[in-house]
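As stored in structure18.pdb (PDB, C-alpha atoms):
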ATOM      1  CA  MET H   1      11.392-123.859 -58.122
ATOM      2  CA  GLY H   2      11.628-126.864 -60.409
ATOM      3  CA  MET H   3       7.895-127.490 -60.176
ATOM      4  CA  VAL H   4       7.168-123.858 -61.034
ATOM      5  CA  ILE H   5       9.296-124.132 -64.162
ATOM      6  CA  GLN H   6       7.495-127.353 -65.103
ATOM      7  CA  LEU H   7       4.140-125.656 -64.536
ATOM      8  CA  GLY H   8       5.262-122.736 -66.699
ATOM      9  CA  PHE H   9       6.137-125.068 -69.573
ATOM     10  CA  LEU H  10       2.804-126.806 -69.147
ATOM     11  CA  MET H  11       0.924-123.495 -69.235
ATOM     12  CA  PHE H  12       2.899-122.213 -72.216
ATOM     13  CA  PHE H  13       2.877-125.292 -74.415
ATOM     14  CA  GLY H  14      -0.041-127.345 -73.106
ATOM     15  CA  ALA H  15      -2.154-126.287 -76.091
ATOM     16  CA  ILE H  16       0.378-127.767 -78.530
ATOM     17  CA  ALA H  17       0.718-131.112 -76.758
ATOM     18  CA  PRO H  18      -2.290-131.707 -74.475
ATOM     19  CA  GLY H  19      -1.057-135.180 -73.538
ATOM     20  CA  ILE H  20       1.800-133.596 -71.605
ATOM     21  CA  SER H  21      -0.603-132.585 -68.832
ATOM     22  CA  GLY H  22      -1.238-136.234 -67.948
ATOM     23  CA  ILE H  23       2.481-136.966 -67.959
ATOM     24  CA  MET H  24       3.115-133.925 -65.727
ATOM     25  CA  PHE H  25       0.390-135.043 -63.322
ATOM     26  CA  VAL H  26       1.977-138.483 -62.922
ATOM     27  CA  ALA H  27       5.463-136.967 -62.567
ATOM     28  CA  TRP H  28       4.274-134.487 -59.900
ATOM     29  CA  ALA H  29       2.425-137.212 -57.985
ATOM     30  CA  ILE H  30       5.564-139.359 -57.895
ATOM     31  CA  GLN H  31       7.716-136.369 -56.972
ATOM     32  CA  LEU H  32       5.428-135.311 -54.110
ATOM     33  CA  LYS H  33       5.241-138.847 -52.735
ATOM     34  CA  THR H  34       9.030-139.206 -52.797
ATOM     35  CA  TRP H  35       9.495-135.818 -51.114
ATOM     36  CA  ALA H  36       6.988-136.795 -48.424
ATOM     37  CA  TRP H  37       8.832-140.082 -47.801
ATOM     38  CA  LYS H  38      12.201-138.337 -47.753
ATOM     39  CA  LEU H  39      11.050-135.663 -45.306
ATOM     40  CA  THR H  40       9.389-138.119 -42.928
ATOM     41  CA  ASN H  41      11.954-140.918 -42.996
ATOM     42  CA  SER H  42      15.437-139.753 -43.875
ATOM     43  CA  CYS H  43      15.813-136.041 -43.118
ATOM     44  CA  LYS H  44      16.651-134.367 -39.836
ATOM     45  CA  ARG H  45      14.476-131.672 -38.409
ATOM     46  CA  THR H  46      15.705-128.262 -39.461
ATOM     47  CA  LEU H  47      16.444-125.475 -37.044
ATOM     48  CA  PRO H  48      13.642-122.915 -36.989
ATOM     49  CA  ARG H  49      14.451-119.515 -38.435
ATOM     50  CA  PHE H  50      12.502-116.519 -39.606
ATOM     51  CA  SER H  51      11.807-116.123 -43.298
ATOM     52  CA  ASP H  52       9.672-113.938 -45.497
ATOM     53  CA  GLY H  53       7.435-116.852 -46.398
ATOM     54  CA  ILE H  54       6.264-118.103 -49.740
ATOM     55  CA  GLY H  55       3.988-115.161 -50.480
ATOM     56  CA  GLN H  56       6.290-113.878 -53.224
ATOM     57  CA  TRP H  57       5.623-117.047 -55.199
ATOM     58  CA  ASN H  58       2.025-115.867 -55.613
ATOM     59  CA  ASN H  59       3.346-112.998 -57.738
ATOM     60  CA  VAL H  60       5.544-115.374 -59.753
ATOM     61  CA  MET H  61       2.621-117.716 -60.366
ATOM     62  CA  SER H  62       0.428-114.797 -61.414
ATOM     63  CA  VAL H  63       3.008-113.661 -63.978
ATOM     64  CA  VAL H  64       3.398-117.239 -65.247
ATOM     65  CA  GLY H  65      -0.387-117.447 -65.588
ATOM     66  CA  TYR H  66      -0.634-114.215 -67.590
ATOM     67  CA  CYS H  67       2.290-115.223 -69.827
ATOM     68  CA  GLY H  68       0.724-118.657 -70.278
ATOM     69  CA  ILE H  69      -2.481-117.085 -71.551
ATOM     70  CA  VAL H  70      -0.636-114.903 -74.053
ATOM     71  CA  VAL H  71       1.674-117.680 -75.304
ATOM     72  CA  THR H  72      -1.127-120.248 -75.598
ATOM     73  CA  ILE H  73      -3.288-117.897 -77.652
ATOM     74  CA  ALA H  74      -0.327-116.858 -79.816
ATOM     75  CA  VAL H  75       0.571-120.469 -80.539
ATOM     76  CA  ALA H  76      -3.049-121.307 -81.301
ATOM     77  CA  VAL H  77      -3.633-118.338 -83.601
ATOM     78  CA  PHE H  78      -0.324-118.298 -85.466
ATOM     79  CA  GLY H  79       0.360-122.041 -85.500
ATOM     80  CA  LEU H  80      -2.946-123.716 -86.354
ATOM     81  CA  GLU H  81      -3.154-125.037 -89.876
ATOM     82  CA  ALA H  82      -6.874-124.222 -89.979
ATOM     83  CA  LEU H  83      -5.997-120.515 -89.894
ATOM     84  CA  ASN H  84      -3.351-120.639 -92.672
ATOM     85  CA  ASP H  85      -5.719-119.013 -95.184
ATOM     86  CA  MET H  86      -5.871-115.833 -93.047
ATOM     87  CA  SER H  87      -3.425-112.988 -93.631
ATOM     88  CA  ILE H  88      -0.961-111.999 -90.922
ATOM     89  CA  SER H  89      -2.913-108.819 -90.150
ATOM     90  CA  GLU H  90      -6.128-110.804 -89.699
ATOM     91  CA  LYS H  91      -4.286-113.211 -87.396
ATOM     92  CA  ALA H  92      -2.926-110.259 -85.404
ATOM     93  CA  VAL H  93      -6.443-108.847 -84.972
ATOM     94  CA  LEU H  94      -7.746-112.276 -83.963
ATOM     95  CA  PHE H  95      -4.858-112.661 -81.504
ATOM     96  CA  CYS H  96      -5.562-109.257 -79.903
ATOM     97  CA  LEU H  97      -9.272-110.004 -79.552
ATOM     98  CA  ALA H  98      -8.731-113.472 -78.097
ATOM     99  CA  GLU H  99      -5.933-112.304 -75.796
ATOM    100  CA  HIS H 100      -7.901-109.343 -74.448
ATOM    101  CA  SER H 101     -11.013-111.460 -73.892
ATOM    102  CA  ALA H 102      -9.014-114.168 -72.072
ATOM    103  CA  LEU H 103      -7.212-111.629 -69.886
ATOM    104  CA  GLY H 104     -10.538-109.931 -69.159
ATOM    105  CA  LEU H 105     -12.056-113.264 -68.167
ATOM    106  CA  ARG H 106      -9.105-113.939 -65.855
ATOM    107  CA  TYR H 107      -9.471-110.484 -64.279
ATOM    108  CA  LEU H 108     -13.195-111.045 -63.813
ATOM    109  CA  CYS H 109     -12.594-114.399 -62.134
ATOM    110  CA  ASN H 110      -9.897-112.909 -59.868
ATOM    111  CA  THR H 111     -12.178-110.098 -58.719
ATOM    112  CA  CYS H 112     -15.297-112.226 -58.266
ATOM    113  CA  ILE H 113     -13.686-115.145 -56.473
ATOM    114  CA  SER H 114     -12.161-114.252 -53.138
ATOM    115  CA  ASP H 115      -8.840-115.835 -52.227
ATOM    116  CA  THR H 116      -9.764-115.702 -48.532
ATOM    117  CA  ASP H 117     -12.608-117.614 -46.950
ATOM    118  CA  PHE H 118     -15.346-115.479 -45.387
ATOM    119  CA  VAL H 119     -14.791-116.855 -41.880
ATOM    120  CA  ILE H 120     -11.023-116.264 -42.173
ATOM    121  CA  GLY H 121     -11.755-112.680 -43.185
ATOM    122  CA  LEU H 122     -13.922-112.267 -40.106
ATOM    123  CA  LEU H 123     -11.168-113.674 -37.910
ATOM    124  CA  LYS H 124      -8.648-111.251 -39.448
ATOM    125  CA  LEU H 125     -10.993-108.331 -38.801
ATOM    126  CA  ARG H 126     -11.500-109.470 -35.221
ATOM    127  CA  ALA H 127      -7.741-109.848 -34.689
ATOM    128  CA  SER H 128      -7.220-106.337 -36.046
ATOM    129  CA  TYR H 129      -9.911-104.993 -33.750
ATOM    130  CA  VAL H 130      -8.484-106.751 -30.686
ATOM    131  CA  SER H 131      -4.886-105.761 -31.422
ATOM    132  CA  THR H 132      -5.917-102.134 -31.866
ATOM    133  CA  ARG H 133      -7.784-102.209 -28.587
ATOM    134  CA  LEU H 134      -5.049-103.994 -26.632
ATOM    135  CA  LEU H 135      -1.888-102.501 -28.098
ATOM    136  CA  LEU H 136      -3.036 -98.909 -28.275
ATOM    137  CA  GLY H 137      -4.743 -98.920 -24.889
ATOM    138  CA  ALA H 138      -8.058 -97.736 -26.210
ATOM    139  CA  HIS H 139     -10.937 -97.283 -23.819
ATOM    140  CA  PRO H 140     -13.686 -99.903 -24.345
ATOM    141  CA  ASP H 141     -16.222 -97.165 -25.110
ATOM    142  CA  SER H 142     -14.067 -95.428 -27.747
ATOM    143  CA  THR H 143     -14.118 -96.357 -31.407
ATOM    144  CA  VAL H 144     -11.271 -97.978 -33.288
ATOM    145  CA  GLU H 145     -10.705 -94.758 -35.259
ATOM    146  CA  GLU H 146     -10.185 -92.799 -32.030
ATOM    147  CA  ALA H 147      -7.605 -95.332 -30.863
ATOM    148  CA  LYS H 148      -5.404 -95.128 -33.937
ATOM    149  CA  VAL H 149      -2.355 -92.926 -33.856
ATOM    150  CA  SER H 150      -0.517 -91.506 -36.830
ATOM    151  CA  HIS H 151       2.552 -93.759 -36.667
ATOM    152  CA  VAL H 152       0.616 -97.048 -36.473
ATOM    153  CA  GLN H 153      -0.635 -98.451 -39.756
ATOM    154  CA  ASP H 154      -3.853-100.364 -40.133
ATOM    155  CA  PRO H 155      -2.949-104.072 -40.057
ATOM    156  CA  LEU H 156      -5.245-104.859 -42.989
ATOM    157  CA  PRO H 157      -5.547-101.652 -45.042
ATOM    158  CA  ALA H 158      -6.324-103.285 -48.369
ATOM    159  CA  TYR H 159      -8.557-106.061 -47.086
ATOM    160  CA  GLN H 160     -12.024-105.859 -48.519
ATOM    161  CA  LEU H 161     -14.747-107.872 -46.811
ATOM    162  CA  LYS H 162     -16.746-109.626 -49.499
ATOM    163  CA  THR H 163     -20.162-110.966 -48.671
ATOM    164  CA  PRO H 164     -20.285-114.696 -49.272
ATOM    165  CA  ALA H 165     -22.259-116.287 -52.061
ATOM    166  CA  LYS H 166     -23.867-118.610 -49.531
ATOM    167  CA  THR H 167     -24.938-117.936 -45.984
ATOM    168  CA  THR H 168     -22.125-118.528 -43.516
ATOM    169  CA  GLN H 169     -22.922-119.283 -39.900
ATOM    170  CA  LEU H 170     -20.947-117.210 -37.431
ATOM    171  CA  PRO H 171     -19.726-118.844 -34.248
ATOM    172  CA  GLU H 172     -22.184-118.544 -31.403
ATOM    173  CA  GLY H 173     -21.872-115.272 -29.526
ATOM    174  CA  MET H 174     -20.532-113.284 -32.523
ATOM    175  CA  GLU H 175     -22.344-110.814 -34.714
ATOM    176  CA  LEU H 176     -21.279-108.816 -37.758
ATOM    177  CA  ASP H 177     -22.444-105.374 -38.719
ATOM    178  CA  LEU H 178     -22.056-105.348 -42.535
ATOM    179  CA  ASP H 179     -22.369-101.562 -42.743
ATOM    180  CA  THR H 180     -19.361-100.870 -40.544
ATOM    181  CA  LYS H 181     -17.711-104.295 -41.063
ATOM    182  CA  ASP H 182     -17.368-104.578 -37.299
ATOM    183  CA  LEU H 183     -17.250-108.035 -35.766
ATOM    184  CA  SER H 184     -18.194-108.073 -32.125
ATOM    185  CA  MET H 185     -18.874-110.537 -29.360
ATOM    186  CA  VAL H 186     -22.427-110.562 -28.015
TER     187      VAL H 186
END

Spell out the structure here as structure tokens.
Amino acid sequence: MGMVIQLGFLMFFGAIAPGISGIMFVAWAIQLKTWAWKLTNSCKRTLPRFSDGIGQWNNVMSVVGYCGIVVTIAVAVFGLEALNDMSISEKAVLFCLAEHSALGLRYLCNTCISDTDFVIGLLKLRASYVSTRLLLGAHPDSTVEEAKVSHVQDPLPAYQLKTPAKTTQLPEGMELDLDTKDLSMV
């Protein structure tokens, strides 16, 4: 949590003091090295237990990123001495334009760049296919849609298969039908 707070301060006020990013990099490198030494040399192994995972931190980091964009642009527009000759209404219009364009650019990057590798997406689709076939007792000749029952949810309902920017080689013996997004063994 401490590193997330440090990253938030860096994202919020990095435009005011750009030299702080180098200091943060050195501090994080030292901190990570000391944690690695501590975990490998002086700590006991913890007992395994179930947890929700660190997936919720993705949402926190996303919010910190959006707030960082807004705060950085606000500080730049309202705090730069080069813009002192502008009225407050002109600065507000400039802030809205810059903020909306930066948020639009972030949205465009988030939609264009997949957070999951293409091969990992194929493996997830294959795992979904196999689990549906095995767990629901579907006949090999039936389709996946015929095997689903009303009380079982699709394991990956929101997953969208994105075609890769470069050609990805599938493992030998596998083929992908891009129309139906079905991965099958040959």

Could you pull the residues within 12 Å of segment 74-81 of chain H, counting only C-alpha atoms, minus those fewer than 6 positions along the same chain, as a list in words?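 In the requested form, the answer reads Met11, Phe12, Phe13, Gly14, Ala15, Ile16, Ala17, Cys67, Gly68, Ser87, Ile88, Ser89, Glu90, Lys91, Ala92, Val93, Leu94, Phe95, Cys96, Leu97, Ala98, Glu99, His100 and Ala102 of chain H.
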
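If you look at atom CA of Thr116 of chain H and atom CA of Val71 of chain H, they are 29.2 Å away from each other.
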
Please determine an axis-aligned box that encloses all atoms of segment 121-133 of chain H listed in the file, with 4 Å added on each side, and express its centre and edge lengths in Å to one decimal as AutoDock Vina command-line options.
--center_x -9.4 --center_y -107.9 --center_z -35.9 --size_x 17.0 --size_y 19.5 --size_z 22.6

Students should find that atom CA of Gly55 of chain H and atom CA of Val130 of chain H are spaced 24.9 Å

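Across the structure, atom CA of Met86 of chain H and atom CA of Thr72 of chain H are spaced 18.6 Å apart.
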